[in-house]
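The data block below is coords.txt; it holds compact mmCIF, C-alpha atoms.
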```txt
# COMPACT_ATOMS: atom_id res chain seq x y z
CA MET A 1 0.00 0.00 0.00
CA SER A 2 1.24 3.50 -0.80
CA ALA A 3 0.62 6.57 1.36
CA GLU A 4 -2.09 7.80 -1.01
CA PRO A 5 -5.12 6.63 1.00
CA ALA A 6 -3.78 8.60 3.98
CA GLN A 7 -3.56 11.76 1.86
CA ALA A 8 -7.07 11.11 0.65
CA VAL A 9 -8.27 11.04 4.24
CA GLY A 10 -6.43 14.32 4.75
CA THR A 11 -4.23 13.35 7.66
CA PRO A 12 -0.52 12.74 7.29
CA LEU A 13 0.30 9.10 7.99
CA ALA A 14 2.66 9.92 10.85
CA GLU A 15 0.03 11.85 12.80
CA ARG A 16 -2.59 9.13 12.73
CA PRO A 17 -2.93 6.95 15.83
CA PRO A 18 -1.41 3.51 15.35
CA MET A 19 -3.87 0.86 14.19
CA TYR A 20 -5.12 -1.34 17.03
CA GLN A 21 -3.74 -4.83 16.48
CA PRO A 22 -4.37 -7.15 19.42
CA LYS A 23 -1.50 -9.52 20.05
CA VAL A 24 -2.61 -13.15 19.93
CA SER A 25 -0.33 -15.81 21.36
CA ARG A 26 0.64 -18.65 19.06
CA LEU A 27 -0.41 -21.06 21.82
CA TRP A 28 -3.82 -19.51 22.64
CA TRP A 29 -5.53 -22.82 21.90
CA LEU A 30 -3.83 -24.54 24.85
CA ARG A 31 -5.61 -22.29 27.33
CA ARG A 32 -8.98 -24.02 27.30
CA ARG A 33 -10.28 -27.49 26.62
CA SER A 34 -12.84 -26.20 24.14
CA TYR A 35 -10.11 -24.31 22.26
CA LEU A 36 -8.04 -27.51 22.09
CA GLN A 37 -11.04 -29.44 20.76
CA PHE A 38 -11.49 -26.79 18.09
CA VAL A 39 -7.86 -27.05 16.98
CA LEU A 40 -7.96 -30.87 16.96
CA ARG A 41 -11.06 -30.73 14.76
CA GLU A 42 -9.35 -28.31 12.39
CA LEU A 43 -6.19 -30.47 12.36
CA SER A 44 -8.26 -33.33 10.97
CA SER A 45 -7.72 -31.64 7.59
CA LEU A 46 -4.08 -32.76 7.68
CA PHE A 47 -5.25 -36.38 7.88
CA VAL A 48 -7.81 -35.83 5.13
CA GLY A 49 -4.73 -34.88 3.09
CA TRP A 50 -2.95 -38.10 4.11
CA PHE A 51 -6.09 -40.09 3.23
CA VAL A 52 -5.89 -38.77 -0.35
CA VAL A 53 -2.15 -39.57 -0.55
CA PHE A 54 -2.85 -43.14 0.65
CA LEU A 55 -5.72 -43.47 -1.86
CA LEU A 56 -3.51 -42.19 -4.71
CA LEU A 57 -0.80 -44.72 -3.74
CA LEU A 58 -3.42 -47.48 -4.03
CA ILE A 59 -4.65 -46.17 -7.40
CA ARG A 60 -1.06 -45.99 -8.70
CA ALA A 61 -0.27 -49.52 -7.49
CA VAL A 62 -3.40 -51.03 -9.05
CA GLY A 63 -2.59 -49.22 -12.31
CA GLN A 64 0.96 -50.64 -12.36
CA GLY A 65 0.02 -54.29 -12.02
CA GLU A 66 -0.30 -57.15 -9.57
CA ALA A 67 3.28 -56.96 -8.24
CA GLU A 68 2.91 -53.26 -7.40
CA TYR A 69 -0.43 -53.96 -5.71
CA GLN A 70 1.31 -56.52 -3.51
CA ARG A 71 4.00 -53.93 -2.72
CA PHE A 72 1.28 -51.49 -1.68
CA LEU A 73 -0.24 -54.11 0.63
CA ASP A 74 3.20 -54.76 2.17
CA PHE A 75 3.71 -51.01 2.61
CA ALA A 76 0.32 -50.72 4.34
CA ALA A 77 1.28 -53.62 6.64
CA ASN A 78 4.39 -51.77 7.88
CA PRO A 79 3.84 -51.10 11.63
CA LEU A 80 4.60 -47.38 11.25
CA VAL A 81 2.09 -47.05 8.41
CA ILE A 82 -0.50 -48.97 10.45
CA LEU A 83 0.09 -46.56 13.34
CA LEU A 84 -0.26 -43.56 11.03
CA ASN A 85 -3.47 -44.98 9.57
CA LEU A 86 -4.82 -45.65 13.07
CA VAL A 87 -4.28 -41.98 14.00
CA ALA A 88 -5.69 -40.91 10.62
CA LEU A 89 -8.78 -43.08 11.17
CA ALA A 90 -9.35 -41.43 14.56
CA PHE A 91 -9.09 -37.95 13.02
CA LEU A 92 -11.29 -38.83 10.01
CA THR A 93 -13.92 -40.19 12.41
CA LEU A 94 -13.70 -36.98 14.47
CA HIS A 95 -14.10 -35.04 11.22
CA ALA A 96 -17.12 -37.08 10.12
CA VAL A 97 -18.90 -36.85 13.49
CA THR A 98 -18.35 -33.11 13.89
CA TRP A 99 -19.20 -32.49 10.22
CA PHE A 100 -22.52 -34.36 10.33
CA ASN A 101 -23.41 -32.81 13.69
CA LEU A 102 -22.90 -29.36 12.22
CA ALA A 103 -25.23 -29.85 9.25
CA PRO A 104 -28.56 -29.49 11.16
CA LYS A 105 -27.31 -26.16 12.51
CA ALA A 106 -26.39 -24.99 9.02
CA MET A 107 -29.65 -25.88 7.29
CA VAL A 108 -33.30 -25.43 8.15
CA VAL A 109 -35.54 -27.90 6.31
CA LYS A 110 -39.30 -27.37 6.31
CA VAL A 111 -41.95 -29.94 5.41
CA ARG A 112 -45.54 -28.64 5.13
CA GLY A 113 -44.56 -25.49 6.94
CA GLN A 114 -43.16 -27.40 9.90
CA ARG A 115 -39.46 -27.28 10.66
CA VAL A 116 -37.88 -30.73 10.48
CA PRO A 117 -36.33 -31.34 13.92
CA PRO A 118 -32.51 -30.94 13.85
CA GLN A 119 -32.17 -34.41 15.36
CA MET A 120 -33.89 -35.91 12.32
CA ILE A 121 -31.50 -34.16 9.94
CA ALA A 122 -28.53 -35.33 12.00
CA MET A 123 -29.89 -38.88 12.06
CA SER A 124 -30.38 -38.93 8.28
CA GLN A 125 -26.79 -37.76 7.84
CA PHE A 126 -25.43 -40.46 10.12
CA GLY A 127 -27.72 -42.98 8.40
CA GLY A 128 -26.30 -41.98 5.02
CA TRP A 129 -22.75 -42.32 6.36
CA ALA A 130 -23.51 -45.81 7.73
CA PHE A 131 -25.13 -46.82 4.44
CA VAL A 132 -22.19 -45.68 2.27
CA SER A 133 -19.71 -47.37 4.65
CA LEU A 134 -21.68 -50.61 4.58
CA VAL A 135 -21.98 -50.66 0.78
CA LEU A 136 -18.22 -50.03 0.37
CA ALA A 137 -17.38 -52.69 2.95
CA VAL A 138 -19.64 -55.26 1.25
CA ILE A 139 -18.16 -54.48 -2.17
CA LEU A 140 -14.52 -54.57 -1.04
CA VAL A 141 -14.80 -57.55 1.31
CA GLY A 142 -17.23 -59.34 -1.02
CA LEU A 143 -14.59 -59.32 -3.73
CA LEU A 144 -12.84 -62.16 -1.87
CA MET B 1 -11.21 -14.40 13.65
CA SER B 2 -10.14 -12.14 10.85
CA GLY B 3 -6.70 -10.69 11.07
CA PRO B 4 -5.24 -7.69 9.34
CA GLY B 5 -4.36 -8.26 5.75
CA ARG B 6 -6.85 -11.06 5.10
CA THR B 7 -7.74 -10.71 1.46
CA ARG B 8 -11.21 -11.02 -0.03
CA ARG B 9 -11.20 -12.29 -3.57
CA PRO B 10 -13.92 -13.35 -6.01
CA ILE B 11 -12.55 -16.90 -5.88
CA GLU B 12 -13.25 -17.20 -2.15
CA PRO B 13 -16.88 -18.50 -2.49
CA LEU B 14 -15.65 -21.26 -4.84
CA LEU B 15 -13.01 -22.26 -2.29
CA TRP B 16 -15.66 -22.49 0.45
CA LEU B 17 -17.84 -24.61 -1.88
CA LEU B 18 -14.95 -27.01 -2.57
CA PHE B 19 -14.24 -27.08 1.18
CA SER B 20 -17.84 -28.12 1.92
CA GLY B 21 -17.97 -30.73 -0.83
CA GLY B 22 -14.68 -32.16 0.35
CA GLY B 23 -15.93 -32.21 3.92
CA VAL B 24 -18.85 -34.41 2.88
CA ALA B 25 -16.78 -36.64 0.58
CA ALA B 26 -14.02 -37.27 3.14
CA ALA B 27 -16.54 -37.88 5.92
CA LEU B 28 -18.56 -40.38 3.85
CA VAL B 29 -15.76 -42.57 2.47
CA GLY B 30 -12.62 -41.66 4.45
CA PRO B 31 -13.20 -43.64 7.66
CA ILE B 32 -14.31 -46.90 5.98
CA LEU B 33 -11.51 -46.88 3.37
CA LEU B 34 -8.87 -46.17 6.03
CA LEU B 35 -10.38 -48.83 8.28
CA LEU B 36 -10.30 -51.45 5.49
CA PHE B 37 -7.02 -50.72 3.68
CA GLY B 38 -5.19 -49.19 6.66
CA LEU B 39 -6.11 -51.73 9.35
CA VAL B 40 -8.40 -54.65 8.43
CA PHE B 41 -6.51 -55.81 5.30
CA ALA B 42 -3.12 -54.62 6.57
CA LEU B 43 -3.41 -56.60 9.81
CA GLY B 44 -4.71 -59.66 7.98
CA TRP B 45 -8.10 -59.75 9.76
CA ILE B 46 -9.75 -60.23 6.36
CA ASP B 47 -7.99 -61.08 3.09
CA PRO B 48 -7.58 -58.02 0.83
CA PRO B 49 -9.45 -57.94 -2.51
CA ARG B 50 -7.81 -59.98 -5.27
CA TYR B 51 -5.93 -57.90 -7.83
CA ASP B 52 -8.08 -58.75 -10.87
CA ASP B 53 -11.33 -57.99 -9.04
CA LEU B 54 -10.04 -54.70 -7.62
CA HIS B 55 -8.59 -53.67 -10.98
CA ALA B 56 -11.87 -54.40 -12.73
CA LEU B 57 -13.77 -52.39 -10.12
CA MET B 58 -11.42 -49.40 -10.13
CA SER B 59 -10.91 -49.15 -13.88
CA ASN B 60 -14.67 -48.82 -14.43
CA TRP B 61 -15.23 -45.28 -15.73
CA LEU B 62 -17.89 -44.47 -13.16
CA THR B 63 -15.53 -45.54 -10.35
CA ARG B 64 -12.73 -43.45 -11.86
CA LEU B 65 -15.00 -40.41 -11.97
CA VAL B 66 -16.09 -40.93 -8.35
CA LEU B 67 -12.47 -41.44 -7.25
CA PHE B 68 -11.47 -38.23 -9.04
CA GLY B 69 -14.26 -36.31 -7.27
CA ILE B 70 -13.22 -37.71 -3.89
CA CYS B 71 -9.56 -36.79 -4.48
CA LEU B 72 -10.17 -33.27 -5.82
CA LEU B 73 -12.77 -32.26 -3.23
CA SER B 74 -10.89 -33.78 -0.29
CA LEU B 75 -7.65 -32.10 -1.39
CA PHE B 76 -9.30 -28.68 -1.54
CA HIS B 77 -10.99 -29.37 1.79
CA PHE B 78 -7.54 -30.06 3.25
CA ALA B 79 -5.99 -26.99 1.62
CA HIS B 80 -8.69 -24.58 2.75
CA ARG B 81 -9.01 -25.84 6.29
CA PHE B 82 -5.30 -26.32 6.92
CA ARG B 83 -4.64 -22.82 5.63
CA TYR B 84 -6.98 -21.38 8.25
CA THR B 85 -5.66 -23.73 10.95
CA LEU B 86 -2.21 -22.21 10.45
CA TRP B 87 -3.69 -18.72 10.07
CA ASP B 88 -5.83 -18.68 13.22
CA GLY B 89 -4.24 -21.49 15.18
CA LEU B 90 -0.57 -20.70 14.88
CA GLN B 91 -1.03 -17.08 13.78
CA LEU B 92 0.95 -17.81 10.62
CA LYS B 93 -0.47 -15.25 8.23
CA HIS B 94 1.80 -15.61 5.27
CA ARG B 95 0.86 -15.62 1.62
CA VAL B 96 3.40 -18.39 0.92
CA ILE B 97 1.43 -20.79 3.17
CA THR B 98 -1.81 -20.04 1.33
CA MET B 99 -0.14 -20.60 -2.04
CA ALA B 100 1.50 -23.84 -0.84
CA CYS B 101 -1.84 -25.23 0.45
CA TYR B 102 -3.83 -24.59 -2.72
CA GLY B 103 -0.79 -25.43 -4.86
CA ALA B 104 -0.60 -28.87 -3.23
CA ALA B 105 -4.32 -29.39 -3.91
CA ILE B 106 -3.91 -28.48 -7.59
CA VAL B 107 -0.82 -30.69 -8.02
CA GLY B 108 -2.57 -33.57 -6.25
CA SER B 109 -5.66 -33.24 -8.45
CA VAL B 110 -3.57 -33.29 -11.63
CA LEU B 111 -1.69 -36.32 -10.30
CA ALA B 112 -5.05 -38.01 -9.61
CA VAL B 113 -6.09 -37.48 -13.25
CA VAL B 114 -2.80 -38.96 -14.52
CA LEU B 115 -3.02 -42.00 -12.22
CA LEU B 116 -6.72 -42.61 -12.91
CA LEU B 117 -6.15 -42.50 -16.68
CA ASP B 118 -3.36 -45.04 -16.18
CA LEU B 119 -5.59 -47.64 -14.52
```

Produce C-alpha cells that represent the structure in this file.
Amino acid sequence: MSAEPAQAVGTPLAERPPMYQPKVSRLWWLRRRSYLQFVLRELSSLFVGWFVVFLLLLIRAVGQGEAEYQRFLDFAANPLVILLNLVALAFLTLHAVTWFNLAPKAMVVKVRGQRVPPQMIAMSQFGGWAFVSLVLAVILVGLL
Amino acid sequence: MSGPGRTRRPIEPLLWLLFSGGGVAAALVGPILLLLFGLVFALGWIDPPRYDDLHALMSNWLTRLVLFGICLLSLFHFAHRFRYTLWDGLQLKHRVITMACYGAAIVGSVLAVVLLLDL
C-alpha cells in the first residue's frame, strides 16, 4: 500500500494513531479445553490430506500391475504405516462426526410449513454415512 | 477471527464450496476406506481384494470419476481448512502458506487425473 489513501483522508500518515492490532499468542488454543477441541477438529484436515495420498498410492499400485499392488499391501502392513493410519482413522472419524453434527445447525428444512427437527437431519446424515460405509465394505470384502 | 491483511477475492466462495464438498466426501468414504485398507486388510483380519477384481472395479469409468471427485474435493478441503488452521491457530499469516496449500491441492488433483487414466 502506498501513502495515497492517507492523503485522501487528509491526515498525514505519521500523525494518525497507530492501528489497534491485538497480540494473539501462538499457543492460545492450549488455554482451554474447548479451544483444544477446536484445533484438533481443524487439524483433521491434515489427515484428510494423508487419506488422499494413501488413496492415490493405491490407485497408482493397481494401475501398475499385480506386483505393485502386492508392494502397496506390504507397505500398508508396515507397523509405522499402520500406526499412522490408526491416527488418521481417529481424526477422520472426528471429522465425520463433527461435520454431520454441524449440518442441522447450518440448514433449516421445512416440510408442510413445519421445521424438520434438527435431530432428524442429524440422524439422516449419520444414516447416510452408515449406508455408504456398509456398501463399500460389502463391495470390497465381497470381492474375496 | 479475521486478522489484518486477510484478502477477499472473487474466488473465495468457490473455495468455500470445494471445502464443503470435500468435507462431505471425506466424511462419507474416508473412515471406511482407512479402516479397510489401513487396518483390516493390513493386519490380515480379512484377506484383501484380489488384484483382478479390484482392478476391474477401479478401472470402471464411473468408479474413476467418483475417485477423481473424492480426491479433488478432499484435497481442496484439506488446503482450505489447513490454511486457516495455520492462520488462526498458529497465527501464521503468510501468503506463501496459502499458495502452498492450494498449490498442493492443484498438483494432487492433476496427479489423480494422470493416475486414474493409467488404470

What's the 7 Å shell around Ala88 in chain A, counting all atoms listed in the file, without same-chain residues fewer than 4 positions away, as an MDAnalysis selection string? chainID A and resid 47 84 92

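Residue nearest Gly44 in chain B within the list A:Ser25, A:Gly63, A:Glu42, A:Ala77: A:Ala77 [criterion: smallest interatomic distance, only C-alpha atoms].
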
Using all atoms listed in the file, give me every residue within 12 Å of (-9.3, -42.3, -8.9) in file coordinates, as a ChimeraX atom specification. /A:52-63 /B:55,57-72,108-119

Taking all atoms listed in the file into account, report as a PyMOL selection string which residues of chain A lie within 7 Å of chain B. chain A and resi 26-27+29+39+42-43+45-46+48-49+51-52+56+59-60+62-63+66+73+76-77+82+85+89+92-93+95-96+129+132-133+140-141+143-144

For a test of reading the model, state the distance in Å between CA of Lys93 in chain B and CA of Pro17 in chain A, rounded to one decimal. 23.6 Å

With all atoms listed in the file as the counted atoms, please give the residues lying no more than 9 Å from range 114-127 of chain A, apart from itself and same-chain residues fewer than 2 positions off, as a count of residues only. 18

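Here CA of Leu40 in chain A is placed at a distance of 8.2 Å from CA of Phe91 in chain A.
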
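We find CA of Tyr69 in chain A and CA of Ile106 in chain B to be spaced 25.8 Å apart.
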
Could I get range 48-72 of chain B rebuilt with N, CA, C and O atoms, written as an mmCIF file, in the coordinates of the input?
```cif
data_model
loop_
_atom_site.group_PDB
_atom_site.id
_atom_site.type_symbol
_atom_site.label_atom_id
_atom_site.label_comp_id
_atom_site.auth_asym_id
_atom_site.auth_seq_id
_atom_site.Cartn_x
_atom_site.Cartn_y
_atom_site.Cartn_z
ATOM 1 N N PRO B 48 -7.312 -59.167 1.716
ATOM 2 C CA PRO B 48 -7.580 -58.020 0.830
ATOM 3 C C PRO B 48 -8.202 -58.484 -0.486
ATOM 4 O O PRO B 48 -8.103 -59.659 -0.837
ATOM 5 N N PRO B 49 -8.859 -57.562 -1.222
ATOM 6 C CA PRO B 49 -9.450 -57.940 -2.510
ATOM 7 C C PRO B 49 -8.372 -58.472 -3.451
ATOM 8 O O PRO B 49 -7.235 -58.013 -3.424
ATOM 9 N N ARG B 50 -8.760 -59.465 -4.276
ATOM 10 C CA ARG B 50 -7.810 -59.980 -5.270
ATOM 11 C C ARG B 50 -7.548 -58.919 -6.323
ATOM 12 O O ARG B 50 -8.426 -58.106 -6.633
ATOM 13 N N TYR B 51 -6.339 -58.952 -6.899
ATOM 14 C CA TYR B 51 -5.930 -57.900 -7.830
ATOM 15 C C TYR B 51 -6.891 -57.734 -9.007
ATOM 16 O O TYR B 51 -7.329 -56.625 -9.307
ATOM 17 N N ASP B 52 -7.235 -58.839 -9.662
ATOM 18 C CA ASP B 52 -8.080 -58.750 -10.870
ATOM 19 C C ASP B 52 -9.436 -58.127 -10.563
ATOM 20 O O ASP B 52 -9.935 -57.294 -11.323
ATOM 21 N N ASP B 53 -10.028 -58.534 -9.427
ATOM 22 C CA ASP B 53 -11.330 -57.990 -9.040
ATOM 23 C C ASP B 53 -11.232 -56.493 -8.765
ATOM 24 O O ASP B 53 -12.055 -55.701 -9.229
ATOM 25 N N LEU B 54 -10.203 -56.108 -7.986
ATOM 26 C CA LEU B 54 -10.040 -54.700 -7.620
ATOM 27 C C LEU B 54 -9.751 -53.852 -8.860
ATOM 28 O O LEU B 54 -10.276 -52.746 -9.015
ATOM 29 N N HIS B 55 -8.914 -54.401 -9.752
ATOM 30 C CA HIS B 55 -8.590 -53.670 -10.980
ATOM 31 C C HIS B 55 -9.827 -53.461 -11.834
ATOM 32 O O HIS B 55 -10.051 -52.371 -12.372
ATOM 33 N N ALA B 56 -10.648 -54.512 -11.946
ATOM 34 C CA ALA B 56 -11.870 -54.400 -12.730
ATOM 35 C C ALA B 56 -12.802 -53.341 -12.130
ATOM 36 O O ALA B 56 -13.389 -52.529 -12.848
ATOM 37 N N LEU B 57 -12.895 -53.349 -10.798
ATOM 38 C CA LEU B 57 -13.770 -52.390 -10.120
ATOM 39 C C LEU B 57 -13.269 -50.950 -10.313
ATOM 40 O O LEU B 57 -14.040 -50.051 -10.658
ATOM 41 N N MET B 58 -11.957 -50.765 -10.116
ATOM 42 C CA MET B 58 -11.420 -49.400 -10.130
ATOM 43 C C MET B 58 -11.273 -48.832 -11.529
ATOM 44 O O MET B 58 -11.288 -47.607 -11.699
ATOM 45 N N SER B 59 -11.099 -49.697 -12.535
ATOM 46 C CA SER B 59 -10.910 -49.150 -13.880
ATOM 47 C C SER B 59 -12.238 -48.877 -14.580
ATOM 48 O O SER B 59 -12.262 -48.348 -15.690
ATOM 49 N N ASN B 60 -13.349 -49.208 -13.938
ATOM 50 C CA ASN B 60 -14.670 -48.820 -14.430
ATOM 51 C C ASN B 60 -14.727 -47.281 -14.484
ATOM 52 O O ASN B 60 -14.277 -46.613 -13.564
ATOM 53 N N TRP B 61 -15.290 -46.746 -15.577
ATOM 54 C CA TRP B 61 -15.230 -45.280 -15.730
ATOM 55 C C TRP B 61 -16.015 -44.521 -14.680
ATOM 56 O O TRP B 61 -15.641 -43.420 -14.294
ATOM 57 N N LEU B 62 -17.116 -45.123 -14.210
ATOM 58 C CA LEU B 62 -17.890 -44.470 -13.160
ATOM 59 C C LEU B 62 -17.066 -44.397 -11.867
ATOM 60 O O LEU B 62 -17.012 -43.360 -11.198
ATOM 61 N N THR B 63 -16.376 -45.523 -11.548
ATOM 62 C CA THR B 63 -15.530 -45.540 -10.350
ATOM 63 C C THR B 63 -14.414 -44.502 -10.473
ATOM 64 O O THR B 63 -14.114 -43.787 -9.518
ATOM 65 N N ARG B 64 -13.808 -44.428 -11.661
ATOM 66 C CA ARG B 64 -12.730 -43.450 -11.860
ATOM 67 C C ARG B 64 -13.221 -42.036 -11.616
ATOM 68 O O ARG B 64 -12.547 -41.227 -10.965
ATOM 69 N N LEU B 65 -14.435 -41.755 -12.130
ATOM 70 C CA LEU B 65 -15.000 -40.410 -11.970
ATOM 71 C C LEU B 65 -15.254 -40.114 -10.481
ATOM 72 O O LEU B 65 -14.927 -39.033 -9.987
ATOM 73 N N VAL B 66 -15.812 -41.100 -9.782
ATOM 74 C CA VAL B 66 -16.090 -40.930 -8.350
ATOM 75 C C VAL B 66 -14.782 -40.734 -7.587
ATOM 76 O O VAL B 66 -14.662 -39.848 -6.731
ATOM 77 N N LEU B 67 -13.771 -41.558 -7.919
ATOM 78 C CA LEU B 67 -12.470 -41.440 -7.250
ATOM 79 C C LEU B 67 -11.852 -40.060 -7.494
ATOM 80 O O LEU B 67 -11.270 -39.450 -6.593
ATOM 81 N N PHE B 68 -12.001 -39.562 -8.731
ATOM 82 C CA PHE B 68 -11.470 -38.230 -9.040
ATOM 83 C C PHE B 68 -12.171 -37.174 -8.178
ATOM 84 O O PHE B 68 -11.527 -36.301 -7.594
ATOM 85 N N GLY B 69 -13.502 -37.266 -8.090
ATOM 86 C CA GLY B 69 -14.260 -36.310 -7.270
ATOM 87 C C GLY B 69 -13.820 -36.354 -5.816
ATOM 88 O O GLY B 69 -13.616 -35.304 -5.193
ATOM 89 N N ILE B 70 -13.642 -37.559 -5.287
ATOM 90 C CA ILE B 70 -13.220 -37.710 -3.890
ATOM 91 C C ILE B 70 -11.853 -37.055 -3.683
ATOM 92 O O ILE B 70 -11.650 -36.295 -2.736
ATOM 93 N N CYS B 71 -10.918 -37.330 -4.611
ATOM 94 C CA CYS B 71 -9.560 -36.790 -4.480
ATOM 95 C C CYS B 71 -9.570 -35.263 -4.570
ATOM 96 O O CYS B 71 -9.024 -34.571 -3.701
ATOM 97 N N LEU B 72 -10.184 -34.725 -5.613
ATOM 98 C CA LEU B 72 -10.170 -33.270 -5.820
ATOM 99 C C LEU B 72 -10.830 -32.538 -4.648
ATOM 100 O O LEU B 72 -10.250 -31.626 -4.068
#
```
